Number of protein chains: 2
Amino acid sequence: MSSPRPLRADAARNRESLLVAAADEFAERGPDASVADIARRAGVGKGTVFRHFATKDDLIAAILLDRMNALNAFGERLVDAPDPAAGLWEFLVAAGEQRQQRDLSFLQDAGEPNAEVTAARTRMFRTIDTLVDRARQHGVVRADITGTDIVLLMCAPNYVTSYLPGASPDLWRRYLGIIFDGLRPDGAHPLPQPPPSSGT
Amino acid sequence: MSSPRPLRADAARNRESLLVAAADEFAERGPDASVADIARRAGVGKGTVFRHFATKDDLIAAILLDRMNALNAFGERLVDAPDPAAGLWEFLVAAGEQRQQRDLSFLQDAGEPNAEVTAARTRMFRTIDTLVDRARQHGVVRADITGTDIVLLMCAPNYVTSYLPGASPDLWRRYLGIIFDGLRPDGAHPLPQPPPSSGT
DNA sequence: CGGTAACCGGACCGCGCGGTCAACTTGCTA
DNA sequence: TAGCAAGTTGACCGCGCGGTCCGGTTACCG
């Protein structure tokens, strides 16, 4: 549907180098990492960056697309897994590990919204919805929790630990544990606000 | 300790205008809001900004200082309140309301660490510590939770809802409710990670 | 009310950014 | 292996940023 020509060998190599260099650079320096630094880190000229990604925003979108597709693929495998109770938990752990390795959450809002990224996000939300539905049916999760709730909360453990830069790299698991306890049916108190509608 | 001379009337007025204009501008445009825009919003020249705050970082520090001192004052009042069980909850609600009104969390990491801000933060952490200690003693909060845990988690509800810009302005209360349920002793599961040490 | 120090404003500076381009190099194919 | 399209490069551009500075203005004090 899109590729009329395969990429030349060196070009494909450079594209891949750029994606990992950019991800590393963003993770280290934040959203203001410069294209020049990314190019240097990948060992290519600045012009090469813009040959592969017309815009800095496009580069960011390509990174997000890769990560969301990877996470979504993992989630889809979990939907058909034998143990439906553990599925949601495993998914949240995988999401946390991905973000622990390289926190690129701030890229979500960087630049203009991208159509492909939005589509991938929607796909992932659907996967999460079914994971949550199954978990709820099996009584692992309280009845008043929706998929959108989990979409929002799954980012929290890594976020909160980012305030303690020197802490253990596994500290996020502690807060995932606390939040997950809050999602369980046992001892749940009524919530002061209804769940948000699933869309944007 | 610091003010050998009182500020001239117009200077004091301008300083105040600048602080609120800067807070508004940062809340709307994020950490990259420009000093020129802030000056325009406050109705003063750009030079006036730098007369009051030598550096953009200093301006940010002044904003953070104001907010943390306000929140800390509220917390200290709660420490001596009659109902120790509700104290922690009320504090977390106040923190959430402050952040809902204007989310400036991203300013925490902006610029170099400032001594006064660090001191104010330490003071607030101590207040939170005593609030949590009292709550734990009264059985409102599970035994394996520390003040540092709450310091980290208190930012989460507003953060997660920021991913849904169109949602209800009170949605954060829902996630504060979920997290608080996770902090309660009833039905608590053991946590996979020990609490972080209280310091940085 | 007059003198003056504090204060204000905005033109100005250097810098680093995202993005462009034309000359050069290189992997692919017939 | 010859030819060429595809790919690469880094000098270059315009822009907007944080920060400076000095001539004009204004609130305060005696």
# chains A, B, ... in the order shown; residues from 1 in each chain; ligands from 1
$ closest_atom_pairs --of "segment 77-186 of chain A" --to "segment 171-189 of chain B" --cutoff "12 Å" --atoms "only C-alpha atoms" --output "JSON lines"
{"residue": "A:Val141", "atom": "CA", "partner": "B:Ile178", "partner_atom": "CA", "distance": 11.6}
{"residue": "A:Arg142", "atom": "CA", "partner": "B:Ile178", "partner_atom": "CA", "distance": 10.4}
{"residue": "A:Asp144", "atom": "CA", "partner": "B:Ile178", "partner_atom": "CA", "distance": 10.4}
{"residue": "A:Ile145", "atom": "CA", "partner": "B:Ile178", "partner_atom": "CA", "distance": 9.5}
{"residue": "A:Thr146", "atom": "CA", "partner": "B:Arg174", "partner_atom": "CA", "distance": 11.9}
{"residue": "A:Thr148", "atom": "CA", "partner": "B:Tyr175", "partner_atom": "CA", "distance": 11.6}
{"residue": "A:Asp149", "atom": "CA", "partner": "B:Tyr175", "partner_atom": "CA", "distance": 8.2}
{"residue": "A:Ile150", "atom": "CA", "partner": "B:Tyr175", "partner_atom": "CA", "distance": 10.2}
{"residue": "A:Val151", "atom": "CA", "partner": "B:Tyr175", "partner_atom": "CA", "distance": 11.9}
{"residue": "A:Leu152", "atom": "CA", "partner": "B:Tyr175", "partner_atom": "CA", "distance": 9.1}
{"residue": "A:Leu153", "atom": "CA", "partner": "B:Tyr175", "partner_atom": "CA", "distance": 7.9}
{"residue": "A:Met154", "atom": "CA", "partner": "B:Tyr175", "partner_atom": "CA", "distance": 11.6}
{"residue": "A:Ala156", "atom": "CA", "partner": "B:Tyr175", "partner_atom": "CA", "distance": 10.3}
{"residue": "A:Pro157", "atom": "CA", "partner": "B:Ile179", "partner_atom": "CA", "distance": 11.1}
{"residue": "A:Arg174", "atom": "CA", "partner": "B:His189", "partner_atom": "CA", "distance": 10.9}
{"residue": "A:Tyr175", "atom": "CA", "partner": "B:Ile179", "partner_atom": "CA", "distance": 9.4}
{"residue": "A:Leu176", "atom": "CA", "partner": "B:Gly182", "partner_atom": "CA", "distance": 9.9}
{"residue": "A:Gly177", "atom": "CA", "partner": "B:His189", "partner_atom": "CA", "distance": 7.9}
{"residue": "A:Ile178", "atom": "CA", "partner": "B:Gly182", "partner_atom": "CA", "distance": 5.0}
{"residue": "A:Ile179", "atom": "CA", "partner": "B:Ile179", "partner_atom": "CA", "distance": 5.4}
{"residue": "A:Phe180", "atom": "CA", "partner": "B:Gly182", "partner_atom": "CA", "distance": 7.0}
{"residue": "A:Asp181", "atom": "CA", "partner": "B:Gly182", "partner_atom": "CA", "distance": 4.6}
{"residue": "A:Gly182", "atom": "CA", "partner": "B:Gly182", "partner_atom": "CA", "distance": 3.6}
{"residue": "A:Leu183", "atom": "CA", "partner": "B:Ile178", "partner_atom": "CA", "distance": 6.5}
{"residue": "A:Arg184", "atom": "CA", "partner": "B:Gly182", "partner_atom": "CA", "distance": 8.4}
{"residue": "A:Pro185", "atom": "CA", "partner": "B:Gly187", "partner_atom": "CA", "distance": 9.0}
{"residue": "A:Asp186", "atom": "CA", "partner": "B:Gly187", "partner_atom": "CA", "distance": 5.8}
$ write_last_selection --atoms "N, CA and C atoms" --output "short mmCIF file (atom, residue, chain, number, x, y, z; two decimals), in the first residue's frame"
data_model
loop_
_atom_site.label_atom_id
_atom_site.label_comp_id
_atom_site.auth_asym_id
_atom_site.auth_seq_id
_atom_site.Cartn_x
_atom_site.Cartn_y
_atom_site.Cartn_z
N VAL A 141 -10.66 -7.36 38.66
CA VAL A 141 -10.72 -5.90 38.66
C VAL A 141 -12.14 -5.47 39.04
N ARG A 142 -12.24 -4.40 39.81
CA ARG A 142 -13.55 -3.95 40.27
C ARG A 142 -14.46 -3.57 39.10
N ASP A 144 -16.38 -1.00 38.45
CA ASP A 144 -16.55 0.37 37.95
C ASP A 144 -15.31 0.90 37.23
N ILE A 145 -14.47 -0.02 36.76
CA ILE A 145 -13.24 0.37 36.05
C ILE A 145 -13.40 0.07 34.55
N THR A 146 -12.99 1.01 33.71
CA THR A 146 -13.07 0.82 32.27
C THR A 146 -11.66 0.70 31.67
N THR A 148 -10.42 2.69 29.48
CA THR A 148 -9.82 4.03 29.45
C THR A 148 -9.13 4.34 30.78
N ASP A 149 -9.73 3.89 31.87
CA ASP A 149 -9.06 4.09 33.16
C ASP A 149 -7.66 3.49 33.14
N ILE A 150 -7.58 2.27 32.63
CA ILE A 150 -6.26 1.62 32.62
C ILE A 150 -5.31 2.30 31.65
N VAL A 151 -5.82 2.75 30.52
CA VAL A 151 -4.98 3.48 29.57
C VAL A 151 -4.32 4.67 30.27
N LEU A 152 -5.11 5.37 31.06
CA LEU A 152 -4.56 6.54 31.75
C LEU A 152 -3.60 6.13 32.87
N LEU A 153 -4.02 5.14 33.65
CA LEU A 153 -3.24 4.80 34.84
C LEU A 153 -1.94 4.06 34.52
N MET A 154 -1.88 3.41 33.37
CA MET A 154 -0.70 2.60 33.08
C MET A 154 0.58 3.43 32.97
N ALA A 156 1.25 5.96 34.97
CA ALA A 156 1.54 6.61 36.23
C ALA A 156 2.78 6.07 36.97
N PRO A 157 2.95 4.75 37.07
CA PRO A 157 4.08 4.26 37.89
C PRO A 157 5.43 4.80 37.44
N ARG A 174 6.69 -0.97 42.43
CA ARG A 174 6.03 -0.71 43.72
C ARG A 174 4.72 0.06 43.50
N TYR A 175 4.79 1.08 42.67
CA TYR A 175 3.62 1.92 42.49
C TYR A 175 2.60 1.27 41.57
N LEU A 176 3.08 0.44 40.67
CA LEU A 176 2.13 -0.37 39.90
C LEU A 176 1.37 -1.29 40.85
N GLY A 177 2.09 -1.84 41.83
CA GLY A 177 1.45 -2.71 42.82
C GLY A 177 0.38 -1.96 43.61
N ILE A 178 0.71 -0.75 44.05
CA ILE A 178 -0.25 0.04 44.84
C ILE A 178 -1.49 0.36 44.00
N ILE A 179 -1.25 0.80 42.77
CA ILE A 179 -2.37 1.15 41.91
C ILE A 179 -3.21 -0.08 41.59
N PHE A 180 -2.54 -1.19 41.36
CA PHE A 180 -3.29 -2.40 41.05
C PHE A 180 -4.15 -2.82 42.24
N ASP A 181 -3.64 -2.62 43.45
CA ASP A 181 -4.46 -2.89 44.64
C ASP A 181 -5.70 -2.00 44.65
N GLY A 182 -5.54 -0.79 44.16
CA GLY A 182 -6.69 0.12 44.09
C GLY A 182 -7.71 -0.29 43.04
N LEU A 183 -7.27 -1.12 42.10
CA LEU A 183 -8.18 -1.56 41.04
C LEU A 183 -8.94 -2.83 41.42
N ARG A 184 -8.52 -3.47 42.50
CA ARG A 184 -9.13 -4.76 42.89
C ARG A 184 -10.51 -4.55 43.51
N PRO A 185 -11.34 -5.57 43.41
CA PRO A 185 -12.70 -5.44 43.96
C PRO A 185 -12.72 -5.41 45.49
N ASP A 186 -11.78 -6.11 46.15
CA ASP A 186 -11.82 -6.19 47.62
C ASP A 186 -11.60 -4.82 48.24
#
$ select_by_dssp --residues "chain A" --states "helix (DSSP H, G or I)" --output "compact mmCIF listing (two decimals) with C-alpha atoms, in the first residue's frame"
# COMPACT_ATOMS: atom_id res chain seq x y z
CA ALA A 9 20.78 -1.26 1.80
CA ASP A 10 22.74 1.64 3.29
CA ALA A 11 19.63 3.76 3.47
CA ALA A 12 17.77 1.09 5.43
CA ARG A 13 20.73 0.79 7.80
CA ASN A 14 20.84 4.54 8.32
CA ARG A 15 17.13 4.73 8.94
CA GLU A 16 17.40 2.14 11.67
CA SER A 17 20.43 3.82 13.26
CA LEU A 18 18.55 7.09 13.26
CA LEU A 19 15.54 5.62 15.00
CA VAL A 20 17.56 4.19 17.88
CA ALA A 21 19.84 7.22 18.12
CA ALA A 22 16.82 9.50 18.23
CA ALA A 23 15.11 7.41 20.88
CA ASP A 24 18.26 7.42 23.02
CA GLU A 25 18.80 11.11 22.54
CA PHE A 26 15.20 12.00 23.39
CA ALA A 27 15.30 9.75 26.45
CA GLU A 28 18.44 11.48 27.70
CA ARG A 29 17.85 15.10 26.75
CA VAL A 35 18.26 17.02 15.21
CA ALA A 36 21.96 17.80 14.82
CA ASP A 37 22.81 15.81 17.96
CA ILE A 38 20.68 12.90 16.82
CA ALA A 39 22.46 12.85 13.47
CA ARG A 40 25.86 12.95 15.14
CA ARG A 41 24.90 10.12 17.46
CA ALA A 42 23.75 8.02 14.51
CA LYS A 46 22.04 16.23 9.37
CA GLY A 47 20.68 16.19 5.83
CA THR A 48 20.21 12.43 6.03
CA VAL A 49 17.80 12.85 8.93
CA PHE A 50 15.53 15.05 6.84
CA ARG A 51 15.77 12.74 3.85
CA HIS A 52 14.22 9.92 5.93
CA LYS A 56 11.37 16.48 13.36
CA ASP A 57 7.74 15.73 14.18
CA ASP A 58 7.76 12.93 11.61
CA LEU A 59 10.78 11.40 13.28
CA ILE A 60 9.02 11.53 16.63
CA ALA A 61 5.92 9.97 15.08
CA ALA A 62 7.99 7.09 13.66
CA ILE A 63 9.45 6.37 17.10
CA LEU A 64 6.05 6.42 18.76
CA LEU A 65 4.62 4.18 16.05
CA ASP A 66 7.32 1.55 16.61
CA ARG A 67 6.81 1.49 20.35
CA MET A 68 3.03 1.40 20.26
CA ASN A 69 2.97 -1.33 17.67
CA ALA A 70 5.37 -3.42 19.73
CA LEU A 71 3.29 -2.99 22.88
CA ASN A 72 0.08 -3.66 21.01
CA ALA A 73 1.46 -6.86 19.49
CA PHE A 74 2.36 -8.04 22.99
CA GLY A 75 -1.10 -7.17 24.23
CA GLU A 76 -2.83 -9.04 21.41
CA ARG A 77 -0.86 -12.15 22.24
CA LEU A 78 -2.07 -11.81 25.84
CA VAL A 79 -5.73 -11.65 24.82
CA PRO A 84 -7.04 -14.32 31.61
CA ALA A 85 -6.52 -13.19 35.18
CA ALA A 86 -2.82 -12.55 34.75
CA GLY A 87 -3.12 -11.02 31.29
CA LEU A 88 -3.80 -7.47 32.35
CA TRP A 89 -1.08 -7.56 34.95
CA GLU A 90 1.49 -8.84 32.47
CA PHE A 91 0.53 -6.17 30.00
CA LEU A 92 0.99 -3.40 32.55
CA VAL A 93 4.35 -4.83 33.54
CA ALA A 94 5.46 -4.91 29.90
CA ALA A 95 4.34 -1.32 29.42
CA GLY A 96 6.24 -0.29 32.54
CA GLU A 97 9.38 -2.08 31.40
CA GLN A 98 9.27 -0.38 28.04
CA ARG A 99 8.96 3.00 29.66
CA GLN A 100 11.59 2.22 32.26
CA GLN A 101 14.11 1.39 29.56
CA SER A 105 6.12 9.76 27.31
CA PHE A 106 6.67 13.46 26.68
CA LEU A 107 6.79 12.76 22.95
CA GLN A 108 3.08 11.98 23.02
CA ALA A 115 -2.71 10.20 11.70
CA GLU A 116 -0.75 6.95 11.81
CA VAL A 117 0.12 7.42 15.45
CA THR A 118 -3.49 8.14 16.29
CA ALA A 119 -4.56 4.99 14.47
CA ALA A 120 -2.00 2.87 16.29
CA ARG A 121 -3.07 4.36 19.59
CA THR A 122 -6.71 3.56 18.87
CA ARG A 123 -5.73 -0.02 18.05
CA MET A 124 -3.85 -0.33 21.31
CA PHE A 125 -6.77 1.13 23.26
CA ARG A 126 -9.01 -1.53 21.79
CA THR A 127 -6.61 -4.25 22.85
CA ILE A 128 -6.50 -2.85 26.35
CA ASP A 129 -10.29 -2.67 26.41
CA THR A 130 -10.64 -6.38 25.78
CA LEU A 131 -7.91 -7.20 28.31
CA VAL A 132 -9.74 -5.16 30.93
CA ASP A 133 -13.12 -6.64 30.01
CA ARG A 134 -11.81 -10.15 30.51
CA ALA A 135 -10.13 -9.20 33.78
CA ARG A 136 -13.34 -7.65 35.05
CA GLN A 137 -15.38 -10.70 34.10
CA GLY A 147 -10.36 0.28 29.68
CA THR A 148 -9.82 4.03 29.45
CA ASP A 149 -9.06 4.09 33.16
CA ILE A 150 -6.26 1.62 32.62
CA VAL A 151 -4.98 3.48 29.57
CA LEU A 152 -4.56 6.54 31.75
CA LEU A 153 -3.24 4.80 34.84
CA ALA A 156 1.54 6.61 36.23
CA PRO A 157 4.08 4.26 37.89
CA ASN A 158 6.97 5.32 35.67
CA TYR A 159 5.91 8.94 35.86
CA VAL A 160 5.92 9.13 39.63
CA THR A 161 9.33 7.49 39.96
CA LEU A 171 10.81 1.18 41.87
CA TRP A 172 7.97 1.71 39.40
CA ARG A 173 6.85 -1.85 40.18
CA ARG A 174 6.03 -0.71 43.72
CA TYR A 175 3.62 1.92 42.49
CA LEU A 176 2.13 -0.37 39.90
CA GLY A 177 1.45 -2.71 42.82
CA ILE A 178 -0.25 0.04 44.84
CA ILE A 179 -2.37 1.15 41.91
CA PHE A 180 -3.29 -2.40 41.05
CA ASP A 181 -4.46 -2.89 44.64
CA GLY A 182 -6.69 0.12 44.09
CA LEU A 183 -8.18 -1.56 41.04
$ interface_residues --of "chain D" --to "chain A" --cutoff "9 Å" --atoms "only C-alpha atoms (C1' of nucleotides)" --output "list of chain:residue names"
D:DA6, D:DG7, D:DT8, D:DT9, D:DG10
$ atom_distance --atom1 "atom C1' of DG23 of chain D" --atom2 "atom C1' of DG3 of chain C"
18.4 Å
$ residues_around --residues "DG16 of chain C" --least-positions-apart "3" --cutoff "12 Å" --atoms "only C-alpha atoms (C1' of nucleotides)" --output "number ranges by chain"
A: 32-37; D: 15-18
$ write_last_selection --atoms "C-alpha atoms (C1' of nucleotides)" --output "PDB file, in the first residue's frame"
ATOM      1  CA  ASP A  32      14.226  19.463  22.971  1.00  0.00           C
ATOM      2  CA  ALA A  33      16.967  17.112  21.820  1.00  0.00           C
ATOM      3  CA  SER A  34      18.317  18.634  18.613  1.00  0.00           C
ATOM      4  CA  VAL A  35      18.262  17.020  15.211  1.00  0.00           C
ATOM      5  CA  ALA A  36      21.955  17.800  14.815  1.00  0.00           C
ATOM      6  CA  ASP A  37      22.812  15.809  17.959  1.00  0.00           C
TER       7      ASP A  37
ATOM      8  C1'  DC D  15      13.928  32.792  12.888  1.00  0.00           C
ATOM      9  C1'  DG D  16      12.943  33.294  17.693  1.00  0.00           C
ATOM     10  C1'  DC D  17      15.005  32.650  21.832  1.00  0.00           C
ATOM     11  C1'  DG D  18      17.315  34.357  26.542  1.00  0.00           C
TER      12       DG D  18
END
$ closest_atom_pairs --of "chain C" --to "chain B" --cutoff "7 Å" --atoms "only C-alpha atoms (C1' of nucleotides)" --output "Markdown table"
| residue | atom | partner | partner_atom | distance |
| --- | --- | --- | --- | --- |
| C:DC8 | C1' | B:Thr48 | CA | 6.4 |
| C:DG9 | C1' | B:Gly45 | CA | 5.1 |
| C:DG10 | C1' | B:Gly45 | CA | 6.9 |
$ closest_residue --among "B:Ser197, B:Pro6, B:Ala54, B:Arg102" --to "Ser162 of chain B" --atoms "only C-alpha atoms"
B:Arg102
$ closest_residue --among "A:Gly139, A:Cys155, A:Phe53, A:Pro169" --to "chain B" --atoms "only C-alpha atoms"
A:Cys155
$ closest_residue --among "A:Asp103, A:Asn114, A:Ala81, A:Gly30" --to "chain B" --atoms "only C-alpha atoms"
A:Gly30
